[in-house]
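Visitor: Just one file: upload.cif, with mmCIF, N, CA and C atoms and all ligand atoms.
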data_query
#
loop_
_atom_site.label_atom_id
_atom_site.label_comp_id
_atom_site.auth_asym_id
_atom_site.auth_seq_id
_atom_site.Cartn_x
_atom_site.Cartn_y
_atom_site.Cartn_z
N MET A 1 72.69 104.37 49.84
CA MET A 1 72.62 104.89 51.21
C MET A 1 74.03 105.15 51.73
N SER A 2 74.21 106.32 52.31
CA SER A 2 75.53 106.68 52.82
C SER A 2 75.72 106.17 54.24
N HIS A 3 76.91 105.74 54.53
CA HIS A 3 77.23 105.29 55.88
C HIS A 3 78.46 106.01 56.39
N ILE A 4 78.57 107.30 56.04
CA ILE A 4 79.66 108.09 56.59
C ILE A 4 79.37 108.33 58.06
N VAL A 5 80.32 108.02 58.92
CA VAL A 5 80.08 108.19 60.35
C VAL A 5 80.85 109.40 60.86
N THR A 6 80.26 110.06 61.84
CA THR A 6 80.89 111.25 62.42
C THR A 6 81.32 111.03 63.86
N GLN A 7 81.04 109.85 64.36
CA GLN A 7 81.45 109.50 65.73
C GLN A 7 82.18 108.16 65.68
N PRO A 8 83.06 107.93 66.63
CA PRO A 8 83.76 106.64 66.64
C PRO A 8 82.78 105.47 66.76
N VAL A 9 83.15 104.36 66.16
CA VAL A 9 82.38 103.13 66.23
C VAL A 9 83.21 102.10 66.99
N THR A 10 82.66 101.56 68.05
CA THR A 10 83.35 100.50 68.78
C THR A 10 82.95 99.18 68.14
N LEU A 11 83.85 98.67 67.30
CA LEU A 11 83.49 97.55 66.43
C LEU A 11 83.08 96.30 67.18
N ALA A 12 83.87 95.90 68.18
CA ALA A 12 83.57 94.64 68.89
C ALA A 12 82.22 94.73 69.58
N ALA A 13 81.90 95.91 70.13
CA ALA A 13 80.61 96.08 70.81
C ALA A 13 79.48 96.04 69.80
N ALA A 14 79.68 96.64 68.63
CA ALA A 14 78.65 96.61 67.59
C ALA A 14 78.40 95.18 67.12
N ALA A 15 79.46 94.39 67.04
CA ALA A 15 79.30 92.99 66.63
C ALA A 15 78.59 92.19 67.72
N ALA A 16 78.96 92.45 68.97
CA ALA A 16 78.36 91.70 70.09
C ALA A 16 76.87 91.97 70.19
N ASP A 17 76.43 93.17 69.80
CA ASP A 17 75.04 93.58 69.90
C ASP A 17 74.12 92.89 68.90
N LEU A 18 74.69 92.28 67.89
CA LEU A 18 73.85 91.71 66.83
C LEU A 18 72.96 90.60 67.37
N ASP A 19 71.75 90.49 66.81
CA ASP A 19 70.78 89.51 67.28
C ASP A 19 71.02 88.12 66.72
N SER A 20 71.69 88.03 65.58
CA SER A 20 71.87 86.72 64.97
C SER A 20 73.30 86.54 64.48
N TYR A 21 73.65 85.28 64.29
CA TYR A 21 75.00 84.94 63.84
C TYR A 21 75.09 85.04 62.32
N TRP A 22 76.32 85.30 61.87
CA TRP A 22 76.60 85.36 60.43
C TRP A 22 75.69 86.35 59.71
N SER A 23 75.31 87.42 60.43
CA SER A 23 74.55 88.52 59.84
C SER A 23 75.41 89.77 59.92
N GLN A 24 75.45 90.54 58.87
CA GLN A 24 76.33 91.70 58.84
C GLN A 24 75.55 92.99 59.07
N ARG A 25 76.13 93.86 59.87
CA ARG A 25 75.59 95.21 60.05
C ARG A 25 76.61 96.20 59.50
N VAL A 26 76.14 97.09 58.64
CA VAL A 26 77.02 98.12 58.09
C VAL A 26 77.22 99.20 59.15
N VAL A 27 78.48 99.50 59.47
CA VAL A 27 78.75 100.53 60.47
C VAL A 27 79.40 101.77 59.85
N ALA A 28 79.89 101.65 58.62
CA ALA A 28 80.52 102.79 57.96
C ALA A 28 80.73 102.44 56.50
N SER A 29 81.03 103.45 55.70
CA SER A 29 81.47 103.19 54.33
C SER A 29 82.60 104.14 53.99
N ALA A 30 83.45 103.70 53.11
CA ALA A 30 84.57 104.54 52.68
C ALA A 30 85.06 104.05 51.33
N ASN A 31 85.24 104.99 50.41
CA ASN A 31 85.84 104.67 49.12
C ASN A 31 85.14 103.52 48.39
N GLY A 32 83.84 103.46 48.54
CA GLY A 32 83.08 102.45 47.82
C GLY A 32 82.98 101.10 48.50
N SER A 33 83.60 100.96 49.67
CA SER A 33 83.50 99.70 50.43
C SER A 33 82.64 99.91 51.66
N LEU A 34 81.91 98.87 52.02
CA LEU A 34 81.16 98.88 53.27
C LEU A 34 82.03 98.28 54.36
N VAL A 35 82.01 98.92 55.52
CA VAL A 35 82.64 98.36 56.71
C VAL A 35 81.52 97.74 57.53
N LYS A 36 81.64 96.43 57.78
CA LYS A 36 80.55 95.69 58.39
C LYS A 36 81.08 94.93 59.61
N VAL A 37 80.19 94.66 60.56
CA VAL A 37 80.56 93.79 61.67
C VAL A 37 79.63 92.60 61.70
N ALA A 38 80.13 91.51 62.26
CA ALA A 38 79.32 90.29 62.39
C ALA A 38 79.88 89.48 63.55
N LYS A 39 79.08 88.51 63.99
CA LYS A 39 79.57 87.52 64.93
C LYS A 39 79.23 86.15 64.37
N GLY A 40 80.06 85.18 64.70
CA GLY A 40 79.84 83.86 64.15
C GLY A 40 80.06 82.77 65.16
N ILE A 41 79.35 81.68 64.97
CA ILE A 41 79.62 80.44 65.70
C ILE A 41 79.17 79.30 64.79
N GLY A 42 79.89 78.19 64.87
CA GLY A 42 79.57 77.10 63.96
C GLY A 42 80.12 77.38 62.57
N GLU A 43 79.49 76.79 61.57
CA GLU A 43 80.03 76.86 60.21
C GLU A 43 79.09 77.56 59.24
N VAL A 44 79.70 78.30 58.34
CA VAL A 44 78.99 78.85 57.20
C VAL A 44 79.08 77.83 56.06
N ASN A 45 78.09 77.80 55.20
CA ASN A 45 78.14 76.90 54.03
C ASN A 45 79.17 77.41 53.03
N TRP A 46 79.76 76.49 52.28
CA TRP A 46 80.71 76.87 51.23
C TRP A 46 80.04 77.80 50.23
N HIS A 47 80.77 78.83 49.83
CA HIS A 47 80.24 79.80 48.86
C HIS A 47 81.40 80.61 48.29
N HIS A 48 81.08 81.44 47.31
CA HIS A 48 82.07 82.38 46.79
C HIS A 48 81.35 83.65 46.37
N HIS A 49 82.14 84.70 46.16
CA HIS A 49 81.56 85.98 45.75
C HIS A 49 82.15 86.36 44.41
N ASP A 50 81.27 86.45 43.40
CA ASP A 50 81.74 86.77 42.04
C ASP A 50 82.11 88.24 41.89
N ASP A 51 81.60 89.08 42.78
CA ASP A 51 81.70 90.53 42.56
C ASP A 51 82.68 91.24 43.49
N GLN A 52 83.28 90.54 44.43
CA GLN A 52 84.11 91.26 45.40
C GLN A 52 85.05 90.34 46.16
N ASP A 53 86.16 90.95 46.59
CA ASP A 53 87.00 90.33 47.61
C ASP A 53 86.28 90.50 48.94
N GLU A 54 86.62 89.65 49.91
CA GLU A 54 85.99 89.75 51.23
C GLU A 54 87.09 89.81 52.28
N LEU A 55 87.21 90.97 52.92
CA LEU A 55 88.26 91.19 53.92
C LEU A 55 87.71 90.91 55.31
N PHE A 56 88.44 90.08 56.07
CA PHE A 56 88.07 89.77 57.45
C PHE A 56 89.12 90.33 58.40
N LEU A 57 88.68 90.98 59.45
CA LEU A 57 89.55 91.40 60.55
C LEU A 57 88.90 90.91 61.83
N VAL A 58 89.58 90.01 62.54
CA VAL A 58 89.00 89.43 63.76
C VAL A 58 89.13 90.41 64.91
N LEU A 59 88.01 90.70 65.55
CA LEU A 59 87.96 91.65 66.66
C LEU A 59 88.08 90.94 68.00
N GLU A 60 87.42 89.81 68.13
CA GLU A 60 87.45 89.02 69.37
C GLU A 60 87.26 87.56 69.01
N GLY A 61 88.07 86.70 69.60
CA GLY A 61 87.93 85.28 69.36
C GLY A 61 88.81 84.81 68.22
N GLU A 62 88.43 83.65 67.67
CA GLU A 62 89.23 83.03 66.63
C GLU A 62 88.30 82.57 65.51
N LEU A 63 88.70 82.87 64.29
CA LEU A 63 87.91 82.52 63.11
C LEU A 63 88.79 81.72 62.17
N THR A 64 88.29 80.57 61.76
CA THR A 64 89.00 79.77 60.76
C THR A 64 88.29 79.94 59.42
N VAL A 65 89.05 80.24 58.39
CA VAL A 65 88.47 80.36 57.05
C VAL A 65 88.95 79.18 56.22
N ARG A 66 88.02 78.28 55.90
CA ARG A 66 88.35 77.16 55.00
C ARG A 66 88.32 77.69 53.58
N LEU A 67 89.27 77.24 52.77
CA LEU A 67 89.45 77.78 51.42
C LEU A 67 89.68 76.66 50.42
N ARG A 68 89.19 76.87 49.21
CA ARG A 68 89.56 76.03 48.07
C ARG A 68 90.16 76.99 47.04
N ASP A 69 91.45 77.25 47.18
CA ASP A 69 92.08 78.26 46.33
C ASP A 69 93.28 77.73 45.55
N ASP A 70 93.33 76.39 45.40
CA ASP A 70 94.40 75.79 44.61
C ASP A 70 93.90 75.62 43.17
N GLU A 71 94.41 76.45 42.27
CA GLU A 71 93.90 76.43 40.89
C GLU A 71 94.17 75.10 40.19
N ARG A 72 95.22 74.38 40.62
CA ARG A 72 95.54 73.10 39.99
C ARG A 72 94.66 71.98 40.50
N ASP A 73 94.12 72.17 41.71
CA ASP A 73 93.29 71.14 42.32
C ASP A 73 92.09 71.81 43.01
N PRO A 74 91.02 72.05 42.27
CA PRO A 74 89.88 72.79 42.80
C PRO A 74 89.23 72.15 44.03
N ALA A 75 89.47 70.85 44.23
CA ALA A 75 88.86 70.17 45.39
C ALA A 75 89.74 70.27 46.64
N ALA A 76 90.98 70.70 46.47
CA ALA A 76 91.91 70.77 47.61
C ALA A 76 91.47 71.87 48.58
N GLU A 77 91.53 71.54 49.86
CA GLU A 77 91.13 72.50 50.89
C GLU A 77 92.32 72.87 51.77
N ARG A 78 92.31 74.08 52.26
CA ARG A 78 93.21 74.46 53.33
C ARG A 78 92.41 75.32 54.29
N ALA A 79 92.94 75.52 55.48
CA ALA A 79 92.25 76.32 56.49
C ALA A 79 93.21 77.38 57.01
N VAL A 80 92.74 78.61 57.04
CA VAL A 80 93.52 79.72 57.58
C VAL A 80 92.94 80.07 58.94
N ARG A 81 93.75 79.99 59.98
CA ARG A 81 93.27 80.26 61.33
C ARG A 81 93.61 81.70 61.70
N LEU A 82 92.59 82.47 62.04
CA LEU A 82 92.78 83.89 62.35
C LEU A 82 92.51 84.13 63.83
N ALA A 83 93.48 84.70 64.52
CA ALA A 83 93.32 85.06 65.92
C ALA A 83 92.86 86.52 66.00
N THR A 84 92.53 86.95 67.20
CA THR A 84 92.15 88.34 67.42
C THR A 84 93.21 89.27 66.85
N GLY A 85 92.78 90.22 66.03
CA GLY A 85 93.70 91.17 65.43
C GLY A 85 94.21 90.76 64.07
N ASP A 86 93.94 89.53 63.66
CA ASP A 86 94.42 89.06 62.36
C ASP A 86 93.49 89.50 61.23
N LEU A 87 94.11 89.78 60.10
CA LEU A 87 93.40 90.19 58.90
C LEU A 87 93.65 89.19 57.79
N PHE A 88 92.61 88.92 56.99
CA PHE A 88 92.76 88.03 55.86
C PHE A 88 91.78 88.44 54.77
N VAL A 89 92.19 88.32 53.52
CA VAL A 89 91.31 88.66 52.40
C VAL A 89 91.05 87.41 51.57
N VAL A 90 89.77 87.07 51.44
CA VAL A 90 89.36 86.00 50.52
C VAL A 90 89.18 86.65 49.15
N PRO A 91 89.97 86.23 48.15
CA PRO A 91 89.84 86.87 46.85
C PRO A 91 88.50 86.58 46.18
N GLN A 92 88.09 87.50 45.36
CA GLN A 92 86.89 87.35 44.53
C GLN A 92 86.89 85.98 43.85
N GLY A 93 85.78 85.27 43.93
CA GLY A 93 85.63 84.02 43.22
C GLY A 93 86.13 82.78 43.94
N VAL A 94 86.88 82.94 45.03
CA VAL A 94 87.44 81.79 45.75
C VAL A 94 86.40 81.18 46.70
N GLU A 95 86.22 79.87 46.61
CA GLU A 95 85.30 79.15 47.50
C GLU A 95 85.83 79.21 48.93
N HIS A 96 84.94 79.53 49.87
CA HIS A 96 85.36 79.62 51.26
C HIS A 96 84.19 79.30 52.20
N ALA A 97 84.56 78.97 53.44
CA ALA A 97 83.57 78.63 54.45
C ALA A 97 84.15 78.97 55.82
N PRO A 98 83.77 80.12 56.37
CA PRO A 98 84.25 80.48 57.72
C PRO A 98 83.66 79.55 58.79
N VAL A 99 84.47 79.32 59.82
CA VAL A 99 84.10 78.44 60.93
C VAL A 99 84.56 79.09 62.24
N ALA A 100 83.70 79.05 63.26
CA ALA A 100 84.09 79.53 64.58
C ALA A 100 83.67 78.49 65.61
N ARG A 101 84.64 77.95 66.33
CA ARG A 101 84.32 76.92 67.32
C ARG A 101 83.58 77.55 68.50
N GLU A 102 84.05 78.74 68.91
CA GLU A 102 83.34 79.52 69.92
C GLU A 102 82.99 80.85 69.27
N GLU A 103 82.14 81.63 69.91
CA GLU A 103 81.72 82.88 69.28
C GLU A 103 82.90 83.77 68.94
N ALA A 104 82.95 84.20 67.71
CA ALA A 104 83.98 85.12 67.23
C ALA A 104 83.29 86.37 66.70
N ARG A 105 83.93 87.51 66.91
CA ARG A 105 83.38 88.78 66.41
C ARG A 105 84.40 89.35 65.45
N PHE A 106 83.93 89.85 64.33
CA PHE A 106 84.86 90.27 63.29
C PHE A 106 84.28 91.39 62.45
N MET A 107 85.18 92.07 61.74
CA MET A 107 84.82 93.11 60.79
C MET A 107 85.00 92.54 59.39
N ILE A 108 84.15 92.93 58.48
CA ILE A 108 84.26 92.52 57.08
C ILE A 108 84.19 93.78 56.23
N MET A 109 85.01 93.85 55.22
CA MET A 109 84.91 94.94 54.25
C MET A 109 84.63 94.36 52.87
N GLY A 110 83.73 95.02 52.15
CA GLY A 110 83.40 94.60 50.80
C GLY A 110 82.38 95.54 50.20
N ARG A 111 81.95 95.23 48.98
CA ARG A 111 81.07 96.15 48.25
C ARG A 111 79.62 96.10 48.70
N SER A 112 79.22 94.95 49.27
CA SER A 112 77.81 94.80 49.63
C SER A 112 77.69 93.82 50.79
N ILE A 113 76.47 93.72 51.31
CA ILE A 113 76.17 92.73 52.35
C ILE A 113 76.27 91.34 51.73
N THR A 114 77.04 90.46 52.32
CA THR A 114 77.21 89.11 51.76
C THR A 114 76.61 88.03 52.66
N SER A 115 76.02 88.43 53.77
CA SER A 115 75.44 87.42 54.68
C SER A 115 74.04 87.07 54.22
N THR A 116 74.00 86.33 53.11
CA THR A 116 72.74 85.85 52.54
C THR A 116 72.88 84.34 52.34
N ALA A 117 71.79 83.70 51.96
CA ALA A 117 71.88 82.26 51.69
C ALA A 117 72.91 81.99 50.60
N ALA A 118 72.93 82.84 49.57
CA ALA A 118 73.92 82.67 48.50
C ALA A 118 75.33 82.92 49.02
N GLY A 119 75.43 83.70 50.10
CA GLY A 119 76.73 83.99 50.71
C GLY A 119 77.09 82.99 51.80
N GLY A 120 76.37 81.86 51.86
CA GLY A 120 76.74 80.79 52.77
C GLY A 120 76.06 80.84 54.12
N LYS A 121 75.21 81.82 54.35
CA LYS A 121 74.56 81.97 55.66
C LYS A 121 73.69 80.76 55.96
N PRO A 122 73.97 80.04 57.05
CA PRO A 122 73.16 78.84 57.35
C PRO A 122 71.77 79.22 57.87
N ALA A 123 70.81 78.36 57.59
CA ALA A 123 69.42 78.64 57.96
C ALA A 123 69.25 78.81 59.47
N TRP A 124 70.07 78.10 60.28
CA TRP A 124 69.89 78.16 61.73
C TRP A 124 70.44 79.45 62.33
N SER A 125 71.11 80.30 61.53
CA SER A 125 71.91 81.38 62.10
C SER A 125 71.09 82.49 62.72
N GLU A 126 69.78 82.48 62.50
CA GLU A 126 68.96 83.51 63.14
C GLU A 126 68.75 83.22 64.63
N VAL A 127 69.00 82.00 65.04
CA VAL A 127 68.89 81.66 66.45
C VAL A 127 70.15 80.92 66.87
N PRO A 128 70.57 81.04 68.14
CA PRO A 128 71.77 80.34 68.56
C PRO A 128 71.61 78.84 68.42
N PRO A 129 72.65 78.12 68.02
CA PRO A 129 72.57 76.67 67.94
C PRO A 129 72.39 76.08 69.35
N ALA A 130 71.68 74.96 69.43
CA ALA A 130 71.51 74.29 70.72
C ALA A 130 72.87 73.82 71.21
N SER A 131 73.11 74.01 72.51
CA SER A 131 74.42 73.63 73.04
C SER A 131 74.32 72.29 73.76
NI NI B 201 81.97 84.94 51.97
#
Output the file's structure as structure tokens, nothing else.
Guide:
Amino acid sequence: MSHIVTQPVTLAAAAADLDSYWSQRVVASANGSLVKVAKGIGEVNWHHHDDQDELFLVLEGELTVRLRDDERDPAAERAVRLATGDLFVVPQGVEHAPVAREEARFMIMGRSITSTAAGGKPAWSEVPPAS
């Protein structure tokens, strides 16, 4: 399916419109990559993607990406904190778990939709968590 767009896409608004958290909507495609938007709150389960890098660009809010990317110590964790406007790429195969303390809206680029159970999507994400 082609996602070539002929009109501008307001990314933050497209992300805000989503009905559920940690769900991706494709808004465009280019050069074999899907441009997707999502919103998040709380934590995604640890996961990795064997088939693609995962690029994050924060549109609104703050997103922390927990990573296990130390080849000498696979259990070692670090956290990358992304503010609005920050970009980060999780390399193919690297274990990661995005976290948002408050609602964050972001763009993701990659080859396919990754917001699945295998992609770390938590079961509660279809409805807002109880506050
Ligand atoms: Ni991921």
Visitor: Any residue with an atom at most 7 Å from ligand NI 201 (chain B) counts, using all atoms listed in the file. Which are they? Put them as an NGL selection string.
Guide: :A and (47-49 or 54 or 96-98 or 114 or 119-120)
Visitor: Which residue, A:Ala28, A:Ser33, A:Thr10, A:Ala38, has the smallest gap to Ser115 (chain A) when you use only C-alpha atoms?
Guide: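 Using only C-alpha atoms, Ser115 (chain A) sits closest to A:Ala38.
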Visitor: Find the distance between atom N of Gly85 (chain A) and CA of Ser29 (chain A) and write it in Å to one decimal.
Guide: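 Computed distance, atom N of Gly85 (chain A) to CA of Ser29 (chain A), equals 20.8 Å.
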Visitor: Just to confirm, what's the straight-line distance from atom N of Ala118 (chain A) to atom C of Asp70 (chain A) in Å (one decimal)?
Guide: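 So the two atoms, atom N of Ala118 (chain A) and atom C of Asp70 (chain A), lie 23.1 Å apart.
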Visitor: Where does DSSP see strand (DSSP E or B) in region 2-99 of chain A, if you list the residues as a ChimeraX atom specification?
Guide: /A:25-30,33-43,47,54-60,63-68,78-82,87-90,95-99
Visitor: Find the residues around Lys121 (chain A) up to 6.5 Å (all atoms listed in the file counted), leave out those fewer than 5 positions away in its own chain, and share them as a list in words.
Guide: Trp22, Val44, Asn45, Ser115 and Thr116 of chain A
Visitor: Please return, as a ChimeraX atom specification, all residues of chain A that DSSP assigns to helix (DSSP H, G or I) on the basis of the backbone.
Guide: /A:11-16,123-126
Visitor: What does the file look like for those residues with N, CA and C atoms, as a tab-separated table (two decimals), in the coordinates of the input?
Guide:
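Saved result, result27.tsv, follows:
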chain	number	residue	atom	x	y	z
A	11	LEU	N	83.85	98.67	67.30
A	11	LEU	CA	83.49	97.55	66.43
A	11	LEU	C	83.08	96.30	67.18
A	12	ALA	N	83.87	95.90	68.18
A	12	ALA	CA	83.57	94.64	68.89
A	12	ALA	C	82.22	94.73	69.58
A	13	ALA	N	81.90	95.91	70.13
A	13	ALA	CA	80.61	96.08	70.81
A	13	ALA	C	79.48	96.04	69.80
A	14	ALA	N	79.68	96.64	68.63
A	14	ALA	CA	78.65	96.61	67.59
A	14	ALA	C	78.40	95.18	67.12
A	15	ALA	N	79.46	94.39	67.04
A	15	ALA	CA	79.30	92.99	66.63
A	15	ALA	C	78.59	92.19	67.72
A	16	ALA	N	78.96	92.45	68.97
A	16	ALA	CA	78.36	91.70	70.09
A	16	ALA	C	76.87	91.97	70.19
A	123	ALA	N	70.81	78.36	57.59
A	123	ALA	CA	69.42	78.64	57.96
A	123	ALA	C	69.25	78.81	59.47
A	124	TRP	N	70.07	78.10	60.28
A	124	TRP	CA	69.89	78.16	61.73
A	124	TRP	C	70.44	79.45	62.33
A	125	SER	N	71.11	80.30	61.53
A	125	SER	CA	71.91	81.38	62.10
A	125	SER	C	71.09	82.49	62.72
A	126	GLU	N	69.78	82.48	62.50
A	126	GLU	CA	68.96	83.51	63.14
A	126	GLU	C	68.75	83.22	64.63
Visitor: Choose the residue, out of A:Leu67, A:Ala79, A:Ile41, A:Ala117, that has the smallest atom-to-atom separation from Arg101 (chain A); count all atoms listed in the file.
Guide: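 Nearest candidate to Arg101 (chain A) out of A:Leu67, A:Ala79, A:Ile41, A:Ala117: A:Ile41.
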Visitor: Counting only C-alpha atoms, find residues at most 7 Å from (91.9, 85.3, 67.5) (file frame) and give them as an MDAnalysis selection string.
Guide: chainID A and resid 58 60:63 82:86
Visitor: Between A:His3, A:Asp53, A:Gln24, A:Leu18, single out the one closest to Val89 (chain A), counting all atoms listed in the file.
Guide: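 Closest candidate: A:Asp53.
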Visitor: Record the distance separating CA of Asp51 (chain A) and CA of Val9 (chain A), expressed in Å with one decimal.
Guide: 26.8 Å
Visitor: As JSON, please report the centre and edge lengths, rounded to one decimal in Å, of the axis-aligned box that holds all listed atoms of region 111-122 of chain A with 3 Å of padding on each of the six sides.
Guide:
{"center_x": 76.9, "center_y": 87.5, "center_z": 53.1, "size_x": 16.2, "size_y": 23.3, "size_z": 15.6}
Visitor: Please check which residues have atoms at most 5 Å from (81.8, 94.5, 60.8) in the file's coordinates, counting only N, CA and C atoms, and write them as a PyMOL selection string.
Guide: chain A and resi 35-38+106-108
Visitor: I'd like the neighbourhood of Asp50 (chain A) as a list in words, where a residue qualifies if any of its atoms comes within 7 Å (using only N, CA and C atoms), though same-chain residues fewer than 3 positions away should be ignored.
Guide: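 Here the qualifying residues turn out to be Asp53, Gln92, Gly93 and Val94 of chain A.
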Visitor: Could you check which of A:Met109, A:Ala100, A:Val26, A:Phe56 is closest to Leu87 (chain A), using only C-alpha atoms?
Guide: A:Phe56
